[in-house]
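target_32.txt (compact mmCIF, C-alpha atoms)
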# COMPACT_ATOMS: atom_id res chain seq x y z
CA VAL U 112 11.00 19.78 10.34
CA SER U 113 13.09 17.32 8.33
CA GLN U 114 10.29 15.07 7.10
CA ILE U 115 6.56 15.20 6.39
CA THR U 116 3.96 12.67 5.30
CA LEU U 117 1.44 14.07 2.85
CA TRP U 118 -1.48 11.74 3.56
CA ASP U 119 -3.69 13.07 0.79
CA GLU U 120 -6.17 10.87 -1.09
CA GLY U 121 -5.17 12.53 -4.34
CA THR U 122 -1.50 13.47 -4.13
CA THR U 123 -0.87 12.24 -7.65
CA PHE U 124 -4.38 12.33 -9.06
CA GLN U 125 -3.41 15.53 -10.91
CA LYS U 126 -0.03 15.62 -12.58
CA SER U 127 0.02 19.41 -12.59
CA PHE U 128 -0.25 19.45 -8.79
CA ILE U 129 2.44 16.87 -8.13
CA LYS U 130 4.83 18.51 -10.62
CA GLU U 131 4.41 21.92 -8.97
CA LEU U 132 4.88 20.39 -5.52
CA CYS U 133 8.01 18.50 -6.57
CA ASP U 134 9.51 21.56 -8.27
CA GLY U 135 9.11 23.50 -5.04
CA LEU U 136 10.69 20.75 -2.96
CA ILE U 137 13.57 20.40 -5.42
CA GLU U 138 14.33 24.10 -4.95
CA LEU U 139 14.02 23.70 -1.19
CA ARG U 140 16.67 20.98 -1.23
CA LYS U 141 19.13 23.38 -2.89
CA SER U 142 19.24 25.41 0.33
CA LYS U 143 22.49 25.96 2.23
CA ASP U 144 20.61 24.85 5.34
CA GLU U 145 21.49 21.18 5.89
CA ARG U 146 18.03 20.44 7.30
CA LEU U 147 16.40 21.56 4.06
CA ARG U 148 18.97 19.90 1.82
CA ASN U 149 18.20 16.58 3.48
CA PHE U 150 14.45 17.11 3.69
CA VAL U 151 12.44 13.99 2.78
CA TRP U 152 8.75 13.24 2.45
CA THR U 153 6.34 10.36 1.94
CA THR U 154 2.90 10.16 0.40
CA ARG U 155 0.32 7.85 -1.16
CA SER U 156 -0.79 7.37 -4.76
CA THR U 157 -2.83 5.51 -7.30
CA THR U 158 -0.58 3.40 -9.51
CA ALA U 159 -2.23 4.64 -12.71
CA LEU U 160 -0.50 8.03 -12.57
CA LEU U 161 3.01 6.98 -11.66
CA ASP U 162 4.82 7.25 -14.96
CA GLU U 163 8.59 7.67 -15.31
CA GLU U 164 8.46 11.48 -15.51
CA ILE U 165 6.53 11.74 -12.26
CA VAL U 166 8.56 9.14 -10.36
CA GLU U 167 11.88 10.66 -11.45
CA LYS U 168 10.75 14.11 -10.33
CA MET U 169 9.42 12.77 -7.03
CA ASN U 170 12.77 11.10 -6.44
CA ARG U 171 14.68 14.36 -6.98
CA SER U 172 12.27 16.15 -4.65
CA GLY U 173 13.26 13.88 -1.75
CA LEU U 174 10.44 11.34 -1.78
CA SER U 175 11.63 8.48 0.40
CA GLY U 176 8.58 6.25 0.27
CA ILE U 177 5.10 5.91 -1.15
CA THR U 178 1.98 3.91 -0.33
CA LEU U 179 0.21 2.30 -3.27
CA GLY U 180 -3.44 1.28 -3.37
CA ILE U 181 -2.86 -1.90 -5.38
CA GLU U 182 -5.92 -3.73 -3.97
CA SER U 183 -5.67 -6.84 -6.18
CA PHE U 184 -3.64 -8.49 -8.93
CA SER U 185 -6.80 -9.41 -10.80
CA ASP U 186 -8.03 -7.05 -13.51
CA ALA U 187 -11.51 -8.57 -13.20
CA ILE U 188 -11.66 -7.71 -9.49
CA LEU U 189 -10.26 -4.21 -10.04
CA GLU U 190 -12.91 -3.53 -12.65
CA LYS U 191 -15.70 -4.86 -10.44
CA VAL U 192 -14.70 -2.58 -7.55
CA GLU U 193 -14.44 0.40 -9.95
CA LYS U 194 -10.72 1.02 -9.49
CA ARG U 195 -9.13 3.07 -12.28
CA ILE U 196 -5.97 1.03 -12.16
CA SER U 197 -4.86 -2.24 -13.72
CA VAL U 198 -2.51 -5.11 -13.00
CA ASP U 199 -0.16 -3.57 -15.59
CA SER U 200 -0.17 -0.17 -13.88
CA ASN U 201 0.49 -1.88 -10.55
CA TYR U 202 3.54 -3.70 -11.88
CA GLU U 203 4.82 -0.61 -13.71
CA ALA U 204 4.59 1.54 -10.59
CA ILE U 205 6.49 -1.06 -8.57
CA ARG U 206 9.16 -1.27 -11.28
CA LEU U 207 9.68 2.48 -11.42
CA LEU U 208 9.87 2.87 -7.66
CA LYS U 209 12.50 0.15 -7.50
CA LYS U 210 14.46 1.82 -10.31
CA TYR U 211 14.63 5.10 -8.36
CA ASN U 212 15.17 3.44 -4.96
CA ILE U 213 11.90 4.75 -3.53
CA ILE U 214 10.42 2.63 -0.76
CA SER U 215 7.16 1.05 -1.91
CA ILE U 216 4.30 -0.08 0.29
CA GLY U 217 1.51 -2.03 -1.38
CA HIS U 218 -1.94 -2.21 0.18
CA PHE U 219 -4.15 -5.17 -0.71
CA ILE U 220 -7.74 -6.05 0.10
CA LEU U 221 -8.70 -9.70 0.42
CA GLY U 222 -12.30 -10.86 0.27
CA HIS U 223 -13.94 -8.56 -2.25
CA VAL U 224 -17.51 -9.60 -2.99
CA GLN U 225 -16.39 -11.11 -6.32
CA ASP U 226 -13.20 -12.74 -4.98
CA THR U 227 -12.63 -16.46 -5.45
CA ASN U 228 -10.09 -18.69 -3.75
CA HIS U 229 -8.02 -18.46 -6.92
CA SER U 230 -8.10 -14.65 -7.17
CA ILE U 231 -7.14 -14.25 -3.50
CA GLU U 232 -4.35 -16.81 -3.72
CA TYR U 233 -3.06 -15.29 -6.96
CA THR U 234 -3.02 -11.79 -5.45
CA ILE U 235 -1.06 -13.04 -2.43
CA GLU U 236 1.45 -14.95 -4.55
CA SER U 237 1.87 -11.98 -6.90
CA ALA U 238 2.52 -9.66 -3.97
CA VAL U 239 5.04 -12.08 -2.46
CA ASN U 240 6.86 -12.45 -5.78
CA SER U 241 6.84 -8.71 -6.55
CA ASP U 242 9.54 -6.13 -5.80
CA LEU U 243 7.42 -4.35 -3.20
CA ASN U 244 9.38 -3.41 -0.10
CA PHE U 245 6.40 -3.57 2.23
CA ALA U 246 2.88 -4.93 1.94
CA GLN U 247 -0.21 -4.74 4.10
CA PHE U 248 -3.12 -7.11 3.60
CA TYR U 249 -6.58 -6.04 4.68
CA CYS U 250 -9.99 -7.67 4.78
CA ALA U 251 -12.85 -6.11 2.82
CA VAL U 252 -15.09 -4.37 5.35
CA PRO U 253 -18.69 -3.50 4.37
CA TYR U 254 -19.07 -0.30 6.35
CA PRO U 255 -22.73 0.77 6.72
CA GLY U 256 -23.71 3.40 4.16
CA THR U 257 -21.35 2.16 1.46
CA LYS U 258 -22.08 0.42 -1.83
CA LEU U 259 -20.21 -2.60 -0.52
CA HIS U 260 -22.49 -2.86 2.50
CA ASP U 261 -25.61 -2.61 0.35
CA ARG U 262 -24.31 -5.27 -2.05
CA ALA U 263 -23.15 -7.62 0.69
CA THR U 264 -26.45 -7.23 2.53
CA SER U 265 -28.50 -7.98 -0.58
CA LEU U 266 -26.46 -11.17 -1.11
CA ASN U 267 -26.60 -12.13 2.59
CA LEU U 268 -22.80 -12.22 2.86
CA ILE U 269 -22.23 -10.33 6.11
CA ARG U 270 -21.31 -12.63 8.98
CA GLU U 271 -20.23 -10.13 11.63
CA THR U 272 -22.76 -7.55 12.84
CA ASP U 273 -20.81 -6.13 15.82
CA LEU U 274 -19.73 -2.77 14.41
CA THR U 275 -16.92 -2.46 16.96
CA LYS U 276 -15.17 -5.23 15.02
CA TYR U 277 -15.41 -3.44 11.68
CA GLU U 278 -11.68 -2.97 11.24
CA LEU U 279 -9.57 -3.73 8.18
CA SER U 280 -7.72 -6.44 10.06
CA ASN U 281 -10.92 -8.38 10.78
CA PRO U 282 -12.82 -10.65 8.36
CA ILE U 283 -16.44 -9.53 8.24
CA MET U 284 -18.12 -11.12 5.23
CA ASP U 285 -18.09 -14.07 2.85
CA THR U 286 -17.69 -13.64 -0.90
CA MET U 287 -20.36 -14.49 -3.44
CA HIS U 288 -18.15 -17.29 -4.75
CA GLY U 289 -18.08 -19.26 -1.53
CA VAL U 290 -14.98 -17.96 0.24
CA SER U 291 -15.99 -17.71 3.89
CA HIS U 292 -14.99 -14.85 6.18
CA ILE U 293 -13.06 -17.40 8.24
CA GLU U 294 -11.04 -18.38 5.16
CA ILE U 295 -10.39 -14.72 4.37
CA GLY U 296 -8.98 -14.18 7.86
CA ASN U 297 -6.73 -17.21 7.41
CA TYR U 298 -5.63 -15.97 3.99
CA ARG U 299 -4.61 -12.65 5.54
CA LYS U 300 -2.50 -14.37 8.22
CA ALA U 301 -0.88 -16.60 5.60
CA ALA U 302 -0.13 -13.59 3.37
CA LEU U 303 1.76 -11.82 6.16
CA THR U 304 3.82 -14.93 6.88
CA LYS U 305 4.63 -15.53 3.21
CA PHE U 306 5.54 -11.92 2.47
CA TRP U 307 7.87 -11.25 5.39
CA THR U 308 10.77 -13.54 4.55
CA PRO U 309 14.39 -13.09 5.69
CA GLU U 310 15.24 -12.21 2.08
CA ARG U 311 12.67 -9.40 2.14
CA TRP U 312 14.11 -7.96 5.33
CA GLN U 313 17.60 -8.09 3.86
CA LYS U 314 16.49 -6.14 0.79
CA ILE U 315 14.84 -3.54 3.02
CA ASP U 316 18.01 -3.22 5.09
CA GLU U 317 20.06 -2.69 1.92
CA LEU U 318 17.64 -0.09 0.53
CA LEU U 319 17.47 1.92 3.76
CA ASN U 320 21.25 1.85 4.02
CA LYS U 321 21.58 3.03 0.42
CA LYS U 322 19.23 5.94 1.12
CA GLY U 323 20.99 6.83 4.36
CA LEU U 324 17.85 6.23 6.41
CA PRO U 325 17.97 4.71 9.90
CA ASN U 326 16.50 1.24 10.25
CA ASN U 327 14.53 1.09 13.48
CA ILE U 328 11.52 -0.73 12.07
CA ARG U 329 9.54 -2.63 14.68
CA LYS U 330 9.33 -5.92 12.81
CA ASP U 331 7.24 -7.54 15.51
CA LYS U 332 4.55 -4.86 15.28
CA LEU U 333 4.63 -4.79 11.51
CA LYS U 334 3.93 -8.51 11.25
CA LYS U 335 1.13 -8.29 13.81
CA TRP U 336 -0.47 -5.26 12.18
CA ASN U 337 -4.06 -4.35 12.83
CA SER U 338 -5.94 -1.18 12.03
CA LYS U 339 -5.12 0.36 15.41
CA ILE U 340 -1.38 0.34 14.70
CA LYS U 341 -0.13 3.07 12.37
CA THR U 342 2.78 2.39 10.04
CA ASP U 343 4.38 5.83 10.21
CA PHE U 344 7.36 4.22 11.95
CA ILE U 345 8.35 2.63 8.67
CA PHE U 346 9.97 5.85 7.53
CA LYS U 347 11.37 7.13 10.83
Have the structure of the file written as structure tokens, please.
Amino acid sequence: VSQITLWDEGTTFQKSFIKELCDGLIELRKSKDERLRNFVWTTRSTTALLDEEIVEKMNRSGLSGITLGIESFSDAILEKVEKRISVDSNYEAIRLLKKYNIISIGHFILGHVQDTNHSIEYTIESAVNSDLNFAQFYCAVPYPGTKLHDRATSLNLIRETDLTKYELSNPIMDTMHGVSHIEIGNYRKAALTKFWTPERWQKIDELLNKKGLPNNIRKDKLKKWNSKIKTDFIFK
């Protein structure tokens, strides 16, 4: 095995865990076995815990890419959805990953209950203008049994009741500030088009080349992403 993806909800929720993991992988990469020396891994993280010490250590341990739950570039929205991150922590994580040439993938949710046209448009523009290497834009989905579903139901915001369509690529509900689910779907399509520019692809090509990673990304699939298509191919 030359690569693994640690798809753990809390890879970097505890600094003691991630430091111990990285120390072990750093030792592994000192092996005389070429497969181990070139071993790489990917994972996911909250931006709040990615400080310089952690990112530097992750880089030395062979981390090639990381998925970030950025969600929004609005502190008001992040607070309303009870995320323990901030716009500042989002930008700092992106900055550090760029500094250490670690591939960054930002995940965003459009159409939170409290979202406005302005907050959605600002999040999209901020993502487009950021140094993220990849970005995925999702629609807020009020899955039954969640707080979001209860809130959206009480406000009569849910517009799609066919549960087979409850996927992150599908707009399901309006926001309490008048953004319709149709608009949210259109925002998501526009975000994908705006983000994936020729300049973005060129930067990705340069970064993969610098890291010695093959570039066989299926651009067509990436731009047409829906929740049934996994993005593991990004790192292969």
Interatomic distance, CA of Thr116 (chain U) to CA of Ile129 (chain U) (Å, one decimal):
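These atoms are spaced 14.2 Å apart.
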Which residues come within 12 Å of region 124-128 of chain U, counting all atoms listed in the file, excluding same-chain residues fewer than 6 positions away, as a list in words?
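Residues near the query, excluding close chain neighbours: Asp134, Gly135, Arg155, Ser156, Thr157, Thr158, Ala159, Leu160, Leu161, Asp162, Glu164, Ile165, Val166, Lys168, Met169, Arg195 and Ile196 of chain U.
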Please determine the residues with any atom at most 12 Å from (13.9, 21.6, -5.2) (coordinates as given in the file, with only C-alpha atoms counting) and report them as a PyMOL selection string.
chain U and resi 130-142+147-151+168-174
Can you measure CA of Ile188 (chain U) to CA of His260 (chain U) for me? One decimal in Å is fine.
16.9 Å
Set the distance at 10 Å and use all atoms listed in the file: which residues neighbour region 197-204 of chain U once local chain neighbours fewer than 3 positions away are removed? I'd like the list as a PyMOL selection string.
chain U and resi 156-163+166+179-190+194+207-210+215+217+237-238+241-243
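Across U:Gly323, U:Val239, U:Asp285, U:Leu259, the tightest approach to Phe306 (chain U) is made by U:Val239 when counting only C-alpha atoms.
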Restricting the calculation to only C-alpha atoms, which member of U:Tyr254, U:Phe248, U:Tyr277, U:Tyr211 is positioned closest to Leu303 (chain U)?
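The closest residue to Leu303 (chain U) is U:Phe248.
The coordinates place CA of Cys250 (chain U) at 5.4 Å from CA of Ile220 (chain U).
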Just want the 9 Å neighbourhood of Ile214 (chain U), counted on only C-alpha atoms, with same-chain residues fewer than 5 positions away dropped. Output as an mmCIF file with C-alpha atoms, in the coordinates of the input.
data_model
loop_
_atom_site.group_PDB
_atom_site.id
_atom_site.type_symbol
_atom_site.label_atom_id
_atom_site.label_comp_id
_atom_site.auth_asym_id
_atom_site.auth_seq_id
_atom_site.Cartn_x
_atom_site.Cartn_y
_atom_site.Cartn_z
ATOM 1 C CA LEU U 174 10.440 11.340 -1.780
ATOM 2 C CA SER U 175 11.630 8.480 0.400
ATOM 3 C CA GLY U 176 8.580 6.250 0.270
ATOM 4 C CA ILE U 177 5.100 5.910 -1.150
ATOM 5 C CA THR U 178 1.980 3.910 -0.330
ATOM 6 C CA LEU U 208 9.870 2.870 -7.660
ATOM 7 C CA LYS U 209 12.500 0.150 -7.500
ATOM 8 C CA LEU U 243 7.420 -4.350 -3.200
ATOM 9 C CA ASN U 244 9.380 -3.410 -0.100
ATOM 10 C CA PHE U 245 6.400 -3.570 2.230
ATOM 11 C CA ILE U 315 14.840 -3.540 3.020
ATOM 12 C CA LEU U 318 17.640 -0.090 0.530
ATOM 13 C CA LEU U 319 17.470 1.920 3.760
ATOM 14 C CA PHE U 346 9.970 5.850 7.530
#
Selected residue, from U:Ile216, U:Val224, U:Val112, U:Ala251, that lies nearest to Val290 (chain U) when counting all atoms listed in the file:
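Of all the options, U:Val224 lies closest to Val290 (chain U).
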Measuring between all atoms listed in the file, which one of U:Lys314, U:Lys276, U:His223, U:His288 shows the shortest distance to Tyr249 (chain U)?
U:His223
Residue nearest Arg299 (chain U) - candidates U:Glu271, U:Tyr233, U:Met287, U:Ser280, atoms counted: only C-alpha atoms:
U:Ser280
Would you mind telling me which residue in U:Ile235, U:Asp261, U:Asn320, U:Met284 lies nearest to Ala301 (chain U) when using all atoms listed in the file?
U:Ile235
